[in-house]
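> Following this line is work02.txt, made up of compact mmCIF, C-alpha atoms and all ligand atoms:
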```
# COMPACT_ATOMS: atom_id res chain seq x y z
CA MET S 1 -23.29 -0.05 -6.81
CA ASN S 2 -20.87 -2.56 -8.27
CA ILE S 3 -17.50 -1.53 -6.86
CA LEU S 4 -14.32 -2.95 -8.40
CA VAL S 5 -11.30 -3.01 -6.07
CA THR S 6 -8.04 -3.91 -7.83
CA GLY S 7 -5.20 -5.43 -5.78
CA GLY S 8 -7.63 -6.43 -3.03
CA ALA S 9 -5.62 -9.51 -2.04
CA GLY S 10 -2.60 -7.38 -1.14
CA PHE S 11 -1.78 -5.63 2.09
CA ILE S 12 -3.77 -2.37 1.92
CA GLY S 13 -6.31 -3.73 -0.59
CA SER S 14 -7.41 -6.50 1.77
CA HIS S 15 -8.17 -3.98 4.51
CA VAL S 16 -10.11 -1.83 2.03
CA VAL S 17 -12.10 -4.83 0.74
CA ARG S 18 -12.97 -5.95 4.31
CA LEU S 19 -14.12 -2.45 5.29
CA PHE S 20 -16.27 -2.01 2.18
CA VAL S 21 -17.80 -5.50 2.35
CA ASN S 22 -18.74 -4.99 6.01
CA ASN S 23 -19.86 -1.35 5.79
CA ARG S 24 -21.69 -1.38 2.45
CA PRO S 25 -24.06 -4.36 2.39
CA GLN S 26 -26.12 -2.58 -0.29
CA ASP S 27 -23.14 -2.60 -2.68
CA HIS S 28 -21.30 -5.52 -4.31
CA ILE S 29 -17.52 -5.55 -3.91
CA TYR S 30 -15.49 -7.25 -6.66
CA ASN S 31 -11.86 -7.93 -5.79
CA LEU S 32 -9.75 -8.24 -8.95
CA ASP S 33 -6.23 -9.46 -8.26
CA ALA S 34 -3.56 -11.32 -10.27
CA LEU S 35 -2.23 -12.98 -7.10
CA THR S 36 1.39 -12.09 -7.71
CA TYR S 37 3.88 -12.91 -4.93
CA ALA S 38 2.20 -10.11 -2.89
CA GLY S 39 -1.40 -11.26 -3.28
CA ASN S 40 -2.68 -13.59 -0.58
CA LEU S 41 -6.29 -14.68 -0.32
CA GLU S 42 -5.69 -15.83 3.24
CA ASN S 43 -5.90 -12.13 4.09
CA LEU S 44 -9.62 -12.21 3.32
CA ARG S 45 -10.68 -15.55 4.82
CA ASP S 46 -13.10 -13.86 7.26
CA ILE S 47 -15.20 -12.25 4.51
CA GLU S 48 -14.74 -14.61 1.56
CA ASP S 49 -18.26 -16.06 1.92
CA ALA S 50 -20.05 -12.71 2.22
CA THR S 51 -22.93 -12.44 -0.23
CA ASN S 52 -21.78 -9.00 -1.43
CA TYR S 53 -18.22 -10.16 -2.25
CA THR S 54 -16.70 -11.78 -5.35
CA PHE S 55 -13.05 -12.57 -6.05
CA ILE S 56 -11.83 -12.39 -9.66
CA LYS S 57 -8.35 -13.67 -10.54
CA ALA S 58 -7.26 -11.39 -13.37
CA ASP S 59 -4.36 -9.25 -14.51
CA ILE S 60 -4.78 -5.53 -15.23
CA ASN S 61 -2.21 -5.97 -18.01
CA ASP S 62 -4.71 -8.16 -19.89
CA LEU S 63 -6.85 -5.58 -21.69
CA GLU S 64 -9.08 -8.11 -23.47
CA ASN S 65 -10.03 -9.78 -20.22
CA LEU S 66 -10.71 -6.43 -18.53
CA ASP S 67 -13.06 -5.67 -21.37
CA ALA S 68 -14.93 -8.95 -20.87
CA LEU S 69 -15.11 -8.43 -17.09
CA PHE S 70 -16.61 -4.94 -17.44
CA THR S 71 -19.22 -6.39 -19.81
CA THR S 72 -20.12 -9.17 -17.36
CA TYR S 73 -20.06 -7.31 -14.07
CA LYS S 74 -20.95 -3.73 -15.06
CA PHE S 75 -18.66 -2.05 -12.56
CA ASP S 76 -19.86 1.46 -11.59
CA ARG S 77 -16.80 2.54 -9.64
CA VAL S 78 -13.16 1.52 -9.37
CA ILE S 79 -10.76 1.73 -6.43
CA HIS S 80 -7.38 1.02 -8.00
CA LEU S 81 -4.70 -0.38 -5.69
CA ALA S 82 -3.14 -3.13 -7.85
CA ALA S 83 0.53 -2.33 -8.29
CA GLU S 84 4.05 -3.50 -7.86
CA SER S 85 4.80 -1.79 -4.56
CA HIS S 86 8.33 -2.56 -3.33
CA VAL S 87 11.12 -0.05 -4.01
CA ASP S 88 13.96 -2.63 -3.77
CA ARG S 89 12.28 -4.86 -6.36
CA SER S 90 11.89 -1.84 -8.67
CA ILE S 91 15.63 -1.24 -8.51
CA LYS S 92 16.30 -4.85 -9.57
CA ASP S 93 13.57 -5.09 -12.26
CA PRO S 94 12.02 -1.75 -13.30
CA LEU S 95 10.11 -3.03 -16.35
CA ILE S 96 7.36 -4.90 -14.49
CA PHE S 97 6.72 -1.63 -12.60
CA VAL S 98 6.23 0.19 -15.92
CA LYS S 99 3.94 -2.59 -17.14
CA THR S 100 1.68 -2.96 -14.12
CA ASN S 101 1.77 0.50 -12.61
CA ILE S 102 1.61 2.57 -15.81
CA ILE S 103 0.26 0.37 -18.62
CA GLY S 104 -2.06 -1.58 -16.28
CA THR S 105 -3.50 1.71 -15.00
CA VAL S 106 -4.00 3.03 -18.54
CA ASN S 107 -5.70 -0.27 -19.48
CA LEU S 108 -8.16 0.26 -16.65
CA LEU S 109 -8.73 3.93 -17.55
CA ASN S 110 -9.43 2.98 -21.18
CA THR S 111 -11.84 0.25 -20.15
CA CYS S 112 -13.72 2.62 -17.83
CA LEU S 113 -14.01 5.17 -20.63
CA LYS S 114 -15.32 2.51 -22.98
CA TYR S 115 -18.05 1.27 -20.60
CA TRP S 116 -19.05 4.37 -18.68
CA GLU S 117 -21.30 6.95 -20.25
CA ALA S 118 -21.02 10.73 -19.93
CA PRO S 119 -21.97 12.59 -17.74
CA PHE S 120 -20.63 9.73 -15.54
CA THR S 121 -23.06 10.51 -12.69
CA GLU S 122 -22.54 7.23 -10.82
CA ASN S 123 -18.94 6.66 -11.79
CA LEU S 124 -15.61 7.21 -10.05
CA PHE S 125 -12.02 6.19 -10.74
CA TYR S 126 -10.29 6.29 -7.37
CA HIS S 127 -6.52 6.00 -7.80
CA ILE S 128 -4.44 5.03 -4.77
CA SER S 129 -0.99 6.58 -4.86
CA THR S 130 1.98 7.28 -2.63
CA ASP S 131 3.89 10.16 -1.06
CA GLU S 132 7.02 8.87 -2.82
CA VAL S 133 5.99 10.68 -6.02
CA TYR S 134 7.01 13.95 -4.32
CA GLY S 135 10.64 12.83 -3.95
CA SER S 136 12.72 13.51 -0.86
CA LEU S 137 12.48 16.26 1.77
CA GLY S 138 15.35 17.97 3.60
CA THR S 139 15.15 18.37 7.36
CA GLU S 140 12.30 20.91 7.12
CA GLY S 141 8.87 21.05 5.47
CA LEU S 142 6.03 18.67 4.55
CA PHE S 143 4.57 17.34 1.29
CA THR S 144 1.33 19.14 0.40
CA GLU S 145 -1.05 18.38 -2.49
CA THR S 146 0.69 21.08 -4.56
CA THR S 147 4.27 19.89 -4.02
CA ALA S 148 5.90 19.29 -7.42
CA TYR S 149 6.42 15.65 -8.42
CA ASP S 150 10.09 14.61 -8.20
CA PRO S 151 10.27 10.79 -8.04
CA ASN S 152 13.65 9.13 -7.46
CA SER S 153 13.11 5.36 -7.73
CA PRO S 154 11.71 3.30 -10.61
CA TYR S 155 8.76 2.48 -8.29
CA SER S 156 7.96 6.12 -7.51
CA ALA S 157 8.53 7.14 -11.15
CA SER S 158 5.98 4.51 -12.24
CA LYS S 159 3.46 5.67 -9.62
CA ALA S 160 4.01 9.30 -10.67
CA GLY S 161 3.39 8.26 -14.29
CA SER S 162 0.13 6.57 -13.34
CA ASP S 163 -1.01 9.63 -11.35
CA HIS S 164 -0.34 11.85 -14.39
CA PHE S 165 -2.38 9.55 -16.64
CA VAL S 166 -5.34 9.58 -14.24
CA ARG S 167 -5.29 13.37 -14.03
CA ALA S 168 -4.87 13.65 -17.83
CA TYR S 169 -7.95 11.43 -18.40
CA GLY S 170 -9.88 13.74 -16.08
CA GLU S 171 -8.82 16.80 -18.08
CA THR S 172 -9.06 15.27 -21.56
CA TYR S 173 -12.11 13.01 -21.29
CA ASP S 174 -13.75 14.43 -18.16
CA LEU S 175 -13.35 11.06 -16.41
CA PRO S 176 -14.41 11.50 -12.76
CA TYR S 177 -11.45 10.68 -10.55
CA VAL S 178 -9.88 11.25 -7.14
CA ILE S 179 -6.27 10.53 -6.17
CA THR S 180 -4.88 10.00 -2.68
CA ASN S 181 -1.18 10.02 -1.88
CA CYS S 182 -0.43 8.20 1.35
CA SER S 183 2.65 7.79 3.53
CA ASN S 184 4.18 4.49 4.74
CA ASN S 185 1.58 2.00 5.95
CA TYR S 186 2.13 -0.69 8.56
CA GLY S 187 -0.18 -3.29 10.14
CA GLN S 188 -1.58 -6.80 9.81
CA ASN S 189 -1.02 -8.78 6.56
CA GLN S 190 1.91 -6.76 5.23
CA PHE S 191 4.28 -8.88 3.17
CA PRO S 192 7.52 -9.43 5.10
CA GLU S 193 9.77 -7.71 2.59
CA LYS S 194 8.86 -4.25 3.96
CA LEU S 195 10.71 -2.86 6.97
CA ILE S 196 8.31 -3.55 9.88
CA PRO S 197 7.08 -7.10 9.08
CA LEU S 198 10.56 -8.15 7.88
CA PHE S 199 12.09 -7.04 11.17
CA ILE S 200 9.29 -8.64 13.26
CA ASN S 201 9.90 -11.93 11.45
CA ASN S 202 13.66 -11.65 11.86
CA CYS S 203 13.35 -10.87 15.60
CA ILE S 204 11.17 -13.98 16.01
CA HIS S 205 13.79 -16.12 14.22
CA LYS S 206 16.78 -14.27 15.69
CA LYS S 207 18.05 -13.30 12.24
CA ALA S 208 20.00 -10.13 11.41
CA LEU S 209 18.02 -6.87 11.11
CA PRO S 210 19.51 -5.25 7.95
CA VAL S 211 19.39 -1.46 8.45
CA TYR S 212 20.24 0.34 5.21
CA GLY S 213 23.08 2.89 5.39
CA ASP S 214 23.34 4.62 8.75
CA GLY S 215 19.60 4.26 9.49
CA ASP S 216 19.25 8.06 9.46
CA TYR S 217 16.25 8.08 7.07
CA THR S 218 12.82 9.33 8.03
CA ARG S 219 9.39 7.93 7.15
CA ASP S 220 5.89 9.01 8.22
CA TRP S 221 4.00 5.91 9.42
CA LEU S 222 0.26 5.26 9.29
CA TYR S 223 -1.72 2.27 10.59
CA VAL S 224 -3.26 0.47 7.59
CA VAL S 225 -6.78 0.41 9.07
CA ASP S 226 -6.62 4.22 9.32
CA HIS S 227 -5.61 4.37 5.66
CA ALA S 228 -8.60 2.19 4.72
CA LEU S 229 -10.91 4.48 6.75
CA ALA S 230 -9.47 7.52 4.94
CA ILE S 231 -10.11 5.80 1.59
CA GLU S 232 -13.74 5.17 2.59
CA GLN S 233 -14.12 8.86 3.50
CA VAL S 234 -12.68 10.06 0.19
CA PHE S 235 -14.72 7.48 -1.76
CA THR S 236 -17.93 8.67 -0.09
CA ASN S 237 -17.40 12.41 0.36
CA GLY S 238 -14.33 13.45 -1.61
CA THR S 239 -14.53 16.14 -4.28
CA LEU S 240 -14.08 14.95 -7.86
CA LYS S 241 -10.78 15.76 -9.57
CA GLU S 242 -9.10 16.53 -6.25
CA THR S 243 -6.00 15.04 -4.65
CA TYR S 244 -5.80 14.36 -0.91
CA ASN S 245 -2.61 13.58 1.01
CA ILE S 246 -3.00 10.98 3.77
CA GLY S 247 -0.49 10.63 6.63
CA GLY S 248 -0.16 10.24 10.35
CA PHE S 249 1.91 13.33 11.30
CA ASN S 250 4.12 10.56 12.67
CA GLU S 251 7.75 10.83 11.58
CA TRP S 252 10.31 8.29 12.71
CA LYS S 253 13.98 7.87 11.88
CA ASN S 254 14.44 4.24 10.79
CA ILE S 255 16.95 3.48 13.52
CA ASP S 256 14.68 4.90 16.27
CA LEU S 257 11.72 2.92 14.95
CA VAL S 258 13.80 -0.27 14.80
CA LYS S 259 14.95 0.23 18.41
CA LEU S 260 11.33 0.71 19.59
CA LEU S 261 10.29 -2.40 17.67
CA CYS S 262 13.16 -4.38 19.24
CA LYS S 263 12.10 -3.25 22.72
CA ILE S 264 8.47 -4.37 22.20
CA MET S 265 9.60 -7.66 20.60
CA ASP S 266 11.79 -8.45 23.62
CA GLU S 267 8.83 -7.77 25.95
CA LYS S 268 6.49 -10.02 23.92
CA LEU S 269 9.01 -12.83 23.42
CA ASN S 270 10.15 -12.70 27.07
CA ASN S 271 13.70 -12.02 25.94
CA PRO S 272 16.23 -10.31 28.21
CA ALA S 273 16.21 -6.55 27.41
CA GLY S 274 18.56 -5.73 24.52
CA THR S 275 18.40 -9.17 22.86
CA SER S 276 16.76 -8.01 19.60
CA GLU S 277 18.82 -4.82 19.33
CA GLN S 278 21.93 -6.98 19.10
CA LEU S 279 20.55 -8.28 15.78
CA ILE S 280 20.82 -4.82 14.16
CA THR S 281 23.29 -5.00 11.27
CA TYR S 282 24.14 -1.96 9.14
CA VAL S 283 24.20 -3.00 5.46
CA LYS S 284 24.87 -1.39 2.08
CA ASP S 285 22.48 1.50 1.45
CA ARG S 286 19.57 1.39 -1.02
CA PRO S 287 20.61 3.24 -4.22
CA GLY S 288 18.81 6.59 -4.57
CA HIS S 289 17.47 6.20 -1.00
CA ASP S 290 15.07 9.07 -0.25
CA LYS S 291 16.12 10.85 2.95
CA ARG S 292 12.82 11.95 4.39
CA TYR S 293 9.07 11.70 3.69
CA ALA S 294 6.50 13.65 5.71
CA ILE S 295 2.89 14.33 4.77
CA ASP S 296 0.82 17.40 5.50
CA ALA S 297 -2.62 15.82 6.00
CA THR S 298 -4.40 19.09 6.82
CA LYS S 299 -6.60 19.06 3.70
CA ILE S 300 -8.26 15.67 4.33
CA ASN S 301 -8.61 16.51 8.02
CA LYS S 302 -10.31 19.87 7.38
CA ALA S 303 -12.40 18.81 4.36
CA LEU S 304 -13.51 15.34 5.47
CA GLY S 305 -12.80 15.22 9.21
CA TRP S 306 -10.45 12.23 8.88
CA GLU S 307 -7.66 11.68 11.39
CA PRO S 308 -5.71 8.63 12.57
CA SER S 309 -7.51 6.59 15.25
CA VAL S 310 -4.47 5.07 16.96
CA THR S 311 -1.09 6.35 18.12
CA PHE S 312 2.01 4.79 16.57
CA GLU S 313 2.90 2.78 19.66
CA GLU S 314 -0.69 1.41 19.88
CA GLY S 315 -0.67 0.51 16.19
CA LEU S 316 2.77 -1.08 16.39
CA ARG S 317 1.73 -3.21 19.39
CA LEU S 318 -1.46 -4.32 17.57
CA THR S 319 0.67 -5.23 14.56
CA ILE S 320 3.26 -7.20 16.53
CA ASP S 321 0.50 -9.03 18.45
CA TRP S 322 -1.13 -9.99 15.15
CA TYR S 323 2.10 -11.40 13.66
CA LEU S 324 2.80 -13.36 16.85
CA ALA S 325 -0.76 -14.77 16.91
CA ASN S 326 -0.68 -15.61 13.19
CA SER S 327 2.61 -17.46 12.85
CA SER S 328 1.08 -19.79 10.23
CA TRP S 329 0.33 -16.80 7.97
CA LEU S 330 3.94 -15.71 8.27
CA GLU S 331 5.26 -19.24 7.72
CA ASN S 332 3.09 -19.75 4.63
CA VAL S 333 4.32 -16.51 3.14
CA THR S 334 7.98 -16.96 3.97
CA SER S 335 8.16 -20.51 2.67
CA GLY S 336 7.14 -19.61 -0.91
CA ASN S 337 8.78 -17.56 -3.65
CA TYR S 338 9.64 -14.98 -1.09
CA GLN S 339 12.42 -17.17 0.24
CA LEU S 340 14.17 -17.14 -3.13
CA TYR S 341 13.87 -13.37 -3.30
CA TYR S 342 15.09 -13.07 0.25
CA ASP S 343 18.17 -15.14 -0.53
CA ALA S 344 18.98 -13.20 -3.70
CA HIS S 345 18.44 -9.84 -2.10
CA TYR S 346 19.86 -10.26 1.38
CA LEU S 347 22.26 -13.17 1.28
CA ASN S 348 24.05 -12.07 -1.91
CA ALA S 349 23.93 -8.30 -1.15
P1 LIG S 401 0.97 -5.05 -2.15
O1 LIG S 401 2.22 -5.28 -2.93
O2 LIG S 401 0.83 -5.65 -0.79
O3 LIG S 401 -0.30 -5.55 -2.99
C1 LIG S 401 -0.43 -5.32 -4.36
C2 LIG S 401 -1.56 -6.23 -4.87
O4 LIG S 401 -1.70 -5.98 -6.27
C3 LIG S 401 -1.26 -7.72 -4.71
O5 LIG S 401 -2.40 -8.38 -4.20
C4 LIG S 401 -0.94 -8.19 -6.12
O6 LIG S 401 -1.29 -9.54 -6.36
C5 LIG S 401 -1.80 -7.23 -6.95
N1 LIG S 401 -1.27 -7.05 -8.30
C6 LIG S 401 0.01 -6.78 -8.67
N2 LIG S 401 0.12 -6.74 -10.02
C7 LIG S 401 -1.14 -6.96 -10.51
C8 LIG S 401 -1.67 -7.02 -11.82
N3 LIG S 401 -0.89 -6.86 -12.89
N4 LIG S 401 -2.99 -7.23 -11.96
C9 LIG S 401 -3.80 -7.42 -10.88
N5 LIG S 401 -3.33 -7.39 -9.61
C10 LIG S 401 -2.02 -7.16 -9.42
O7 LIG S 401 0.81 -3.47 -2.12
P2 LIG S 401 0.24 -2.52 -0.97
O8 LIG S 401 1.34 -2.16 -0.06
O9 LIG S 401 -1.02 -3.07 -0.45
O10 LIG S 401 -0.07 -1.22 -1.86
C11 LIG S 401 -1.33 -1.09 -2.53
C12 LIG S 401 -1.35 0.24 -3.27
O11 LIG S 401 -1.14 1.31 -2.36
C13 LIG S 401 -0.26 0.37 -4.33
O12 LIG S 401 -0.80 1.06 -5.43
C14 LIG S 401 0.81 1.21 -3.64
O13 LIG S 401 1.55 1.96 -4.57
C15 LIG S 401 -0.04 2.11 -2.76
N6 LIG S 401 0.60 2.60 -1.52
C16 LIG S 401 1.23 1.73 -0.67
C17 LIG S 401 1.76 2.21 0.53
C18 LIG S 401 2.45 1.30 1.51
O14 LIG S 401 3.04 1.80 2.48
N7 LIG S 401 2.36 -0.01 1.38
C19 LIG S 401 1.68 3.58 0.83
C20 LIG S 401 1.05 4.44 -0.09
C21 LIG S 401 0.49 3.93 -1.25
O1 LIG S 402 5.95 6.09 1.44
C1 LIG S 402 5.02 5.18 0.93
C2 LIG S 402 5.74 3.95 0.42
O2 LIG S 402 6.19 3.24 1.57
C3 LIG S 402 4.88 3.05 -0.45
O3 LIG S 402 4.52 3.76 -1.61
C4 LIG S 402 5.64 1.77 -0.83
O4 LIG S 402 4.77 0.90 -1.55
C5 LIG S 402 6.09 1.10 0.44
O5 LIG S 402 6.88 -0.03 0.11
C6 LIG S 402 6.89 2.05 1.32
O6 LIG S 402 8.18 2.36 0.70
P1 LIG S 402 9.53 2.43 1.56
O7 LIG S 402 10.67 2.20 0.65
O8 LIG S 402 9.57 3.65 2.41
O9 LIG S 402 9.28 1.15 2.56
P2 LIG S 402 10.24 0.00 3.06
O10 LIG S 402 9.50 -0.74 4.12
O11 LIG S 402 10.85 -0.77 1.95
O12 LIG S 402 11.42 0.82 3.77
C7 LIG S 402 11.17 1.73 4.84
C8 LIG S 402 12.51 2.33 5.24
O13 LIG S 402 13.32 1.31 5.84
C9 LIG S 402 13.31 2.87 4.06
O14 LIG S 402 14.02 4.03 4.48
C10 LIG S 402 14.29 1.75 3.74
C11 LIG S 402 14.54 1.13 5.10
N1 LIG S 402 14.82 -0.32 5.11
C12 LIG S 402 13.94 -1.15 4.46
C13 LIG S 402 14.15 -2.51 4.43
C14 LIG S 402 13.18 -3.44 3.70
C15 LIG S 402 15.91 -0.85 5.79
O15 LIG S 402 16.70 -0.09 6.40
N2 LIG S 402 16.12 -2.19 5.75
C16 LIG S 402 15.30 -3.07 5.10
O16 LIG S 402 15.55 -4.28 5.09
```
In structure tokens, what does this structure look like?
Ligand code: NAD
Ligand code: DAU


Amino acid sequence: MNILVTGGAGFIGSHVVRLFVNNRPQDHIYNLDALTYAGNLENLRDIEDATNYTFIKADINDLENLDALFTTYKFDRVIHLAAESHVDRSIKDPLIFVKTNIIGTVNLLNTCLKYWEAPFTENLFYHISTDEVYGSLGTEGLFTETTAYDPNSPYSASKAGSDHFVRAYGETYDLPYVITNCSNNYGQNQFPEKLIPLFINNCIHKKALPVYGDGDYTRDWLYVVDHALAIEQVFTNGTLKETYNIGGFNEWKNIDLVKLLCKIMDEKLNNPAGTSEQLITYVKDRPGHDKRYAIDATKINKALGWEPSVTFEEGLRLTIDWYLANSSWLENVTSGNYQLYYDAHYLNA
């Protein structure tokens, strides 16, 4: 099979590409990525010379080019991760989220329909989505696959829109699809604008740790390698036209997570206990900040036997060790465009 992965130079995409390249030598993996600020080919250095791997620099907003690429490479299946993914950026500039996440997705759907032939026996459009489309939970309950969509940020609204288009193409044109909605990922290679890598970087450099509001917000965290393994399961054995929620049954209040992270950072950096916690600074809250996300992952567990392979503390330690051992990765990322964004977002907040 010729498998097209979009957004494969990003955080989750790079873990998916690595897993598929290593586990599916009989298939060819094409990584299509525009290399926006979040795309980083350093993430894939270890597999870039594999004979079953090809990188294609392209933009999913460029329909003509997508057309040409499908003609050249004859992709059989698509795993679609390319997106603008950061909520704070979506609050500052919603339009690029509409373009990439909605129009880019529809461009891909249209191109698949043009090149694939009914009854689509070998084909699959696998759309990677988020738990944020379900909105915010109160203190009780979990998101299931039938929870009504209720997005609150421009990011989650754009992801919800893309999910609806994928499902609509399944109903209207019989396009074979699956959708997975996953909770917050953490792990190696995550861009340091998201909570965990930002705070690791700031602990290393003894910079303030900006906790939004009172820190009393809950997220359900999953190790990125476990997300990639879940994607492989759904890709291989998932039922067409189904949605699966993916999560770690691992809820943390932000402030509790930050305190655990500070404790491990002090251990690893040989700091006196309490050093990193002193960096915690409560800052202005994120507008429309969702209170709580929590995924019910029973369906994927029962149907496909998937479950997380590491506990949160194990995963967090692996992640921190990786960032400490890969300081050049972090330096390369933080010295580019990101620095300008960081200044605009944090220093002028
Ligand atoms: P990321 O921001 O790290 O990576 C996104 C990748 O997409 C980058 O490599 C970027 O260059 C590429 N890209 C962006 N616009 C593009 C375009 N127009 N054309 C081609 N490539 C483009 O994101 P991530 O955190 O790895 O998330 C990947 C996917 O998973 C997204 O669809 C996101 O909504 C979803 N998701 C993320 C999480 C999470 O916690 N990070 C959780 C659930 C779902
Ligand atoms: O739930 C899945 C989603 O998780 C994905 O769809 C998104 O792509 C991904 O970015 C993530 O969204 P969040 O907004 O939950 O992640 P983020 O790391 O930005 O924030 C996590 C929590 O930490 C959130 O409650 C906001 C808070 N926060 C974040 C940052 C960056 C802070 O308190 N301070 C910060 O500096």

> Would you list the residues near (-4.2, -10.8, -11.4), meaning any protein, DNA or RNA residue with an atom at most 7 Å from that point in file coordinates, counting all atoms listed in the file, as a PyMOL selection string?

chain S and resi 32-36+57-60

> Which chain S residues have any atom within 8 Å of an atom of ligand LIG 401 (chain S), and for each, what is the nearest pair of atoms with distance in Å to one decimal, counting only C-alpha atoms and all ligand atoms, rows sorted by chain and number, as a tab-separated table?


```
residue	atom	partner	partner_atom	distance
S:Thr6	CA	S:LIG401	N5	6.1
S:Gly7	CA	S:LIG401	O4	3.6
S:Gly8	CA	S:LIG401	O5	5.7
S:Ala9	CA	S:LIG401	O5	4.0
S:Gly10	CA	S:LIG401	O5	3.2
S:Phe11	CA	S:LIG401	O9	3.7
S:Ile12	CA	S:LIG401	O9	3.7
S:Gly13	CA	S:LIG401	O9	5.3
S:Ser14	CA	S:LIG401	O9	7.6
S:Leu32	CA	S:LIG401	C9	6.3
S:Asp33	CA	S:LIG401	N5	3.8
S:Ala34	CA	S:LIG401	C9	4.0
S:Leu35	CA	S:LIG401	O6	3.6
S:Thr36	CA	S:LIG401	O6	3.9
S:Tyr37	CA	S:LIG401	O6	6.3
S:Ala38	CA	S:LIG401	C3	4.6
S:Gly39	CA	S:LIG401	O5	3.2
S:Asn40	CA	S:LIG401	O5	6.4
S:Lys57	CA	S:LIG401	C9	7.7
S:Ala58	CA	S:LIG401	C9	5.8
S:Asp59	CA	S:LIG401	N4	3.5
S:Ile60	CA	S:LIG401	N4	4.1
S:Asn61	CA	S:LIG401	N3	5.4
S:His80	CA	S:LIG401	O12	7.1
S:Leu81	CA	S:LIG401	O12	4.2
S:Ala82	CA	S:LIG401	O4	3.6
S:Ala83	CA	S:LIG401	C6	4.5
S:Glu84	CA	S:LIG401	C6	5.3
S:Ser85	CA	S:LIG401	O1	4.6
S:His86	CA	S:LIG401	O1	6.7
S:Lys99	CA	S:LIG401	N3	7.7
S:Thr100	CA	S:LIG401	N3	4.8
S:Asn101	CA	S:LIG401	O12	7.6
S:Gly104	CA	S:LIG401	N3	6.4
S:His127	CA	S:LIG401	O12	7.9
S:Ile128	CA	S:LIG401	O12	5.4
S:Ser129	CA	S:LIG401	C21	4.7
S:Thr130	CA	S:LIG401	C21	3.9
S:Asp131	CA	S:LIG401	C20	6.5
S:Glu132	CA	S:LIG401	C20	7.9
S:Lys159	CA	S:LIG401	O13	6.6
S:Asn181	CA	S:LIG401	C20	6.3
S:Cys182	CA	S:LIG401	C20	4.3
S:Ser183	CA	S:LIG401	C19	5.1
S:Asn184	CA	S:LIG401	O14	3.7
S:Asn185	CA	S:LIG401	O14	3.8
S:Tyr186	CA	S:LIG401	O14	6.6
S:Gln190	CA	S:LIG401	O2	6.2
S:Phe191	CA	S:LIG401	O2	6.2
```

> With all atoms listed in the file as the atoms that count, which of S:Val234, S:Leu108, S:Cys203, S:Leu222 lies nearest to Leu324 in chain S?

S:Cys203

> Within 9 Å of ligand LIG 402 (chain S), which residues show up when you count all atoms listed in the file? List them as an NGL selection string, please.

:S and (83-88 or 129-133 or 155-156 or 159 or 181-186 or 192-199 or 209-221 or 253-255 or 258 or 282-283 or 285-286 or 289-294 or 346)

> Looking at only C-alpha atoms, which of S:His227, S:Arg77, S:Arg317, S:Lys206 is the one that sits closest to Asn245 in chain S?

S:His227

> Residues near Thr147 in chain S, anyone? I mean within 10 Å using all atoms listed in the file, not counting same-chain ones fewer than 3 positions away, as number ranges by chain.

S: 133-135, 142-144, 150

> Determine the nearest neighbour of Asn201 in chain S from the options S:Phe75, S:Phe312, S:Trp322, S:Phe70, counting only C-alpha atoms.

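For Asn201 in chain S, the nearest of the given residues is S:Trp322.
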
> Give as a ChimeraX atom specification every residue, naming chains and numbers as the document does, that has an atom within 12 Å of (-9.4, 12.7, -19.2), counting all atoms listed in the file.

/S:106,109-110,112-113,118,125,163-177,241

> Tell me, in Å to one decimal, how far CA of Glu313 in chain S is from CA of Asn22 in chain S.

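About the pair CA of Glu313 in chain S and CA of Asn22 in chain S: they are 26.7 Å apart.
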
> Using all atoms listed in the file, find the one residue out of S:Gln233, S:Asn326, S:Thr146, S:Gln188 that sits nearest to Asp296 in chain S.

S:Thr146

> For the atom pair CA of Asn31 in chain S and CA of Thr111 in chain S, what is the interatomic distance in Å to one decimal place?

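Between these atoms lies a distance of 16.5 Å.
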
> Using all atoms listed in the file, which of S:Ile96, S:Pro151, S:Ser158, S:Leu229 sits nearest Arg18 in chain S?

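Checking each of S:Ile96, S:Pro151, S:Ser158, S:Leu229 against Arg18 in chain S, counting all atoms listed in the file, the winner is S:Leu229.
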
> From the set S:Leu137, S:Cys262, S:Ile103, S:Leu95, which residue has the shortest atom-to-atom contact distance to Gly274 in chain S, counting only C-alpha atoms?

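Distance minimum relative to Gly274 in chain S lands on S:Cys262.
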
> Quick one: distance from CA of Tyr149 in chain S to CA of Ser162 in chain S in Å, one decimal?

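CA of Tyr149 in chain S sits 12.1 Å away from CA of Ser162 in chain S.
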